[in-house]
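Visitor: I'd like to ask you about the structure that follows.
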Amino acid sequence: MSAGQRPGGRSARVRAAVLTAARGLLADGYAELTVERIAQAAGVNKTSVYRRWTDLEGVLGDLLSEYASEVVPIPDTGDLDTDLEELALLIRRGMTGEPGELITALAAAAPRNPRAAQVVRGFFAERFGLAEAVVDHAVARGELAEGTDARAAIEVLGAPFFLRLLVVDEPIDEEFARRTAAAAAAALRAGVFSPAREPRPAMGTGAVASASRPGWRPDPGR
């Protein structure tokens, strides 16, 4: 490395400037956001932005990853209920500030913009994959049955947050996060996400089976 060269160099400076500009411009809304505006605010040539990120959604996907990297590591306290509660509080934290605004913007654009949809799917596939460790650790400790569907459980934990963020626009407060975590923990402990078991006979099945046997007669005393 030469004397005047620094780790990261110009490329790192351009990335930082572009993401900072995008973060600031998002306050005006996704509809007003363009690569040209971001480049101008960042003080770089728009061709540099296109060369590195291809399009606007590429910039926003990188920004979303930047937000994700700031999140505390997935909880591993040794207790399922505590881990799920801490995970729910992390999800809440990520959805009540700038990351939530970015997710909302990309999700709103997704139905008409395949690239935005791809960015959102990729982000959540990664986040959900990491969060599955909470359930996997509980299985390893013997708190949950082998084969418990970690992905399905994490989807159920996360779904109420997205309902409030993207659909009903209601507050995502700590009480809501803790209640959602408790519901997911109760479902996991009840075996909702455990491997399928043999179904129990429905009420009255025994009588129906007996009636099908030759020589069976109803008990007149019943």
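Here's how to read the names in the structure tokens: chain A, B, ... by the order shown, residue numbers from 1 in each chain, ligand numbers from 1 in the order shown.
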Produce a table with one row for each residue of stretch 154-175 of chain A that has an atom at most 12 Å from any atom of stretch 98-122 of chain A, each row naming the nearest atom pair and its distance in Å at one decimal; use only C-alpha atoms; arrange rows by chain and rising residue number; format as JSON lines.
Guide:
{"residue": "A:Phe161", "atom": "CA", "partner": "A:Gly100", "partner_atom": "CA", "distance": 10.4}
{"residue": "A:Phe162", "atom": "CA", "partner": "A:Thr104", "partner_atom": "CA", "distance": 9.3}
{"residue": "A:Leu163", "atom": "CA", "partner": "A:Thr104", "partner_atom": "CA", "distance": 11.2}
{"residue": "A:Arg164", "atom": "CA", "partner": "A:Thr104", "partner_atom": "CA", "distance": 11.0}
{"residue": "A:Leu165", "atom": "CA", "partner": "A:Thr104", "partner_atom": "CA", "distance": 7.3}
{"residue": "A:Leu166", "atom": "CA", "partner": "A:Thr104", "partner_atom": "CA", "distance": 6.3}
{"residue": "A:Val167", "atom": "CA", "partner": "A:Thr104", "partner_atom": "CA", "distance": 9.9}
{"residue": "A:Asp169", "atom": "CA", "partner": "A:Thr104", "partner_atom": "CA", "distance": 10.7}
{"residue": "A:Ile172", "atom": "CA", "partner": "A:Gly100", "partner_atom": "CA", "distance": 10.7}
Visitor: How would the residues just picked look written out with C-alpha atoms as a short mmCIF file (atom, residue, chain, number, x, y, z; two decimals), in the first residue's frame?
Guide:
data_model
loop_
_atom_site.label_atom_id
_atom_site.label_comp_id
_atom_site.auth_asym_id
_atom_site.auth_seq_id
_atom_site.Cartn_x
_atom_site.Cartn_y
_atom_site.Cartn_z
CA PHE A 161 -45.16 -6.20 13.21
CA PHE A 162 -45.55 -6.00 9.45
CA LEU A 163 -49.33 -5.84 9.79
CA ARG A 164 -49.01 -2.76 11.98
CA LEU A 165 -46.24 -1.17 9.92
CA LEU A 166 -47.64 -1.73 6.41
CA VAL A 167 -51.40 -2.23 6.79
CA ASP A 169 -50.62 1.83 10.79
CA ILE A 172 -45.50 -0.69 17.56
#
Visitor: Would you mind listing what lies within 12 Å of A:Val18 as a ChimeraX atom specification, with only C-alpha atoms counted and same-chain residues fewer than 4 positions away left out?
Guide: /A:11-14,22-25,34-46,48-50,52-53,56,58-60,62-63
Visitor: Give the helix (DSSP H, G or I) residues of stretch 69-192 of chain A, as DSSP finds them on the backbone, and put them as JSON, numbers by chain.
Guide: {"A": [69, 80, 81, 82, 83, 84, 85, 86, 87, 88, 89, 90, 91, 92, 93, 94, 95, 98, 99, 100, 101, 102, 103, 104, 105, 106, 107, 108, 109, 110, 111, 112, 114, 115, 116, 117, 118, 119, 120, 121, 122, 123, 124, 125, 126, 127, 128, 129, 130, 131, 132, 133, 134, 135, 136, 137, 138, 139, 140, 141, 150, 151, 152, 153, 154, 155, 156, 157, 158, 159, 160, 161, 162, 163, 164, 165, 166, 167, 168, 174, 175, 176, 177, 178, 179, 180, 181, 182, 183, 184, 185, 186, 187, 188, 189]}
Visitor: If you count only C-alpha atoms, which residues fall within 12 Å of A:Asp173, apart from same-chain ones fewer than 4 positions away, as a ChimeraX atom specification?
Guide: /A:88-96,161,164-165,177-180
Visitor: Using the selection just defined, write its residues with N, CA, C and O atoms as a tab-separated table (two decimals), in the first residue's frame.
Guide:
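Wrote it out as again-v2.tsv, contents follow:
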chain	number	residue	atom	x	y	z
A	88	ALA	N	-38.10	-9.77	19.63
A	88	ALA	CA	-39.25	-8.93	19.30
A	88	ALA	C	-38.94	-7.46	19.54
A	88	ALA	O	-39.34	-6.58	18.76
A	89	LEU	N	-38.21	-7.16	20.59
A	89	LEU	CA	-37.84	-5.78	20.87
A	89	LEU	C	-36.85	-5.25	19.82
A	89	LEU	O	-36.89	-4.07	19.47
A	90	LEU	N	-35.99	-6.13	19.31
A	90	LEU	CA	-35.09	-5.74	18.23
A	90	LEU	C	-35.87	-5.43	16.96
A	90	LEU	O	-35.58	-4.45	16.25
A	91	ILE	N	-36.86	-6.26	16.66
A	91	ILE	CA	-37.70	-6.03	15.48
A	91	ILE	C	-38.41	-4.69	15.63
A	91	ILE	O	-38.49	-3.89	14.69
A	92	ARG	N	-38.94	-4.46	16.83
A	92	ARG	CA	-39.64	-3.19	17.08
A	92	ARG	C	-38.70	-2.01	16.84
A	92	ARG	O	-39.07	-1.02	16.18
A	93	ARG	N	-37.48	-2.11	17.37
A	93	ARG	CA	-36.52	-1.02	17.22
A	93	ARG	C	-36.24	-0.74	15.75
A	93	ARG	O	-36.09	0.42	15.34
A	94	GLY	N	-36.18	-1.79	14.95
A	94	GLY	CA	-35.89	-1.62	13.53
A	94	GLY	C	-37.04	-1.08	12.73
A	94	GLY	O	-36.86	-0.63	11.59
A	95	MET	N	-38.25	-1.14	13.28
A	95	MET	CA	-39.43	-0.71	12.53
A	95	MET	C	-40.01	0.61	13.00
A	95	MET	O	-41.02	1.07	12.46
A	96	THR	N	-39.41	1.22	13.99
A	96	THR	CA	-39.99	2.45	14.53
A	96	THR	C	-39.16	3.68	14.19
A	96	THR	O	-39.43	4.76	14.68
A	161	PHE	N	-45.88	-7.47	13.36
A	161	PHE	CA	-45.16	-6.20	13.21
A	161	PHE	C	-45.40	-5.62	11.82
A	161	PHE	O	-45.63	-4.41	11.67
A	164	ARG	N	-48.88	-4.10	11.42
A	164	ARG	CA	-49.01	-2.76	11.98
A	164	ARG	C	-48.23	-1.73	11.16
A	164	ARG	O	-48.69	-0.60	10.97
A	165	LEU	N	-47.07	-2.11	10.66
A	165	LEU	CA	-46.24	-1.17	9.92
A	165	LEU	C	-46.82	-0.85	8.54
A	165	LEU	O	-46.87	0.32	8.14
A	177	ALA	N	-44.72	-5.58	21.43
A	177	ALA	CA	-43.61	-6.48	21.11
A	177	ALA	C	-43.54	-7.63	22.11
A	177	ALA	O	-43.38	-8.80	21.73
A	178	ARG	N	-43.68	-7.32	23.40
A	178	ARG	CA	-43.61	-8.37	24.42
A	178	ARG	C	-44.79	-9.34	24.30
A	178	ARG	O	-44.63	-10.56	24.47
A	179	ARG	N	-45.97	-8.82	24.01
A	179	ARG	CA	-47.15	-9.67	23.88
A	179	ARG	C	-47.02	-10.60	22.67
A	179	ARG	O	-47.38	-11.78	22.73
A	180	THR	N	-46.48	-10.07	21.59
A	180	THR	CA	-46.27	-10.88	20.38
A	180	THR	C	-45.27	-11.99	20.65
A	180	THR	O	-45.45	-13.14	20.22
Visitor: Quick check, in Å to one decimal: how far apart do atom CA of A:Pro73 and atom CA of A:Arg151 lie?
Guide: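 One can read the atom CA of A:Pro73 to atom CA of A:Arg151 distance as 17.8 Å.
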Visitor: Find the spatial neighbours of A:Gly142, counting only C-alpha atoms, within a cut-off of 12 Å - ignore same-chain residues fewer than 6 positions away - and output them as a PyMOL selection string.
Guide: chain A and resi 78-80+135-136+148+189
Visitor: Using N, CA and C atoms, can you export the residues from the last selection as a short mmCIF file (atom, residue, chain, number, x, y, z; two decimals), in the first residue's frame?
Guide:
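Saved the output as selection13.cif:
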data_model
loop_
_atom_site.label_atom_id
_atom_site.label_comp_id
_atom_site.auth_asym_id
_atom_site.auth_seq_id
_atom_site.Cartn_x
_atom_site.Cartn_y
_atom_site.Cartn_z
N GLY A 78 -30.07 -18.38 26.60
CA GLY A 78 -30.23 -19.69 27.22
C GLY A 78 -31.67 -19.99 27.63
N ASP A 79 -32.59 -19.08 27.29
CA ASP A 79 -34.01 -19.27 27.62
C ASP A 79 -34.86 -18.82 26.45
N LEU A 80 -35.73 -19.68 25.97
CA LEU A 80 -36.54 -19.38 24.79
C LEU A 80 -37.39 -18.13 24.96
N VAL A 135 -34.82 -20.30 17.70
CA VAL A 135 -35.56 -21.56 17.83
C VAL A 135 -34.61 -22.75 17.79
N ASP A 136 -33.63 -22.71 16.90
CA ASP A 136 -32.67 -23.82 16.80
C ASP A 136 -31.92 -24.03 18.11
N THR A 148 -38.67 -29.00 15.09
CA THR A 148 -39.53 -27.81 15.17
C THR A 148 -39.21 -26.88 14.01
N ARG A 189 -44.18 -23.77 22.53
CA ARG A 189 -44.21 -24.74 23.62
C ARG A 189 -45.41 -25.69 23.52
#
Visitor: Could you list, as a list in words, every residue within 12 Å of A:Ile74, counting only C-alpha atoms and ignoring same-chain residues fewer than 5 positions away?
Guide: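 Answer for this query is Ala68, Ser69, Thr82, Asp83, Leu84, Glu85, Glu86, Leu87, Ala88, Leu89, Leu90, Ile91, Arg127, Phe128, Gly129, Leu130, Ala131, Glu132, Ala133, Val134, Val135, Asp136 and His137 of chain A.
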Visitor: What lies within 9 Å of A:Gly147 using only C-alpha atoms, ignoring chain neighbours under 5 positions off, as a list of chain:residue names?
Guide: A:Val139, A:Phe193, A:Ser194, A:Pro195
Visitor: Have a look at atom CA of A:Ala182 and atom CA of A:Glu170 and let me know their distance in Å, one decimal.
Guide: 19.4 Å
Visitor: Let me make sure I understand: among A:Asp76, A:Leu33, A:Gly191, A:Ala181, which one has the smallest atom-to-atom distance to A:Glu57 if we use only C-alpha atoms?
Guide: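 Once distances to A:Glu57 are computed over only C-alpha atoms, the minimum belongs to A:Leu33.
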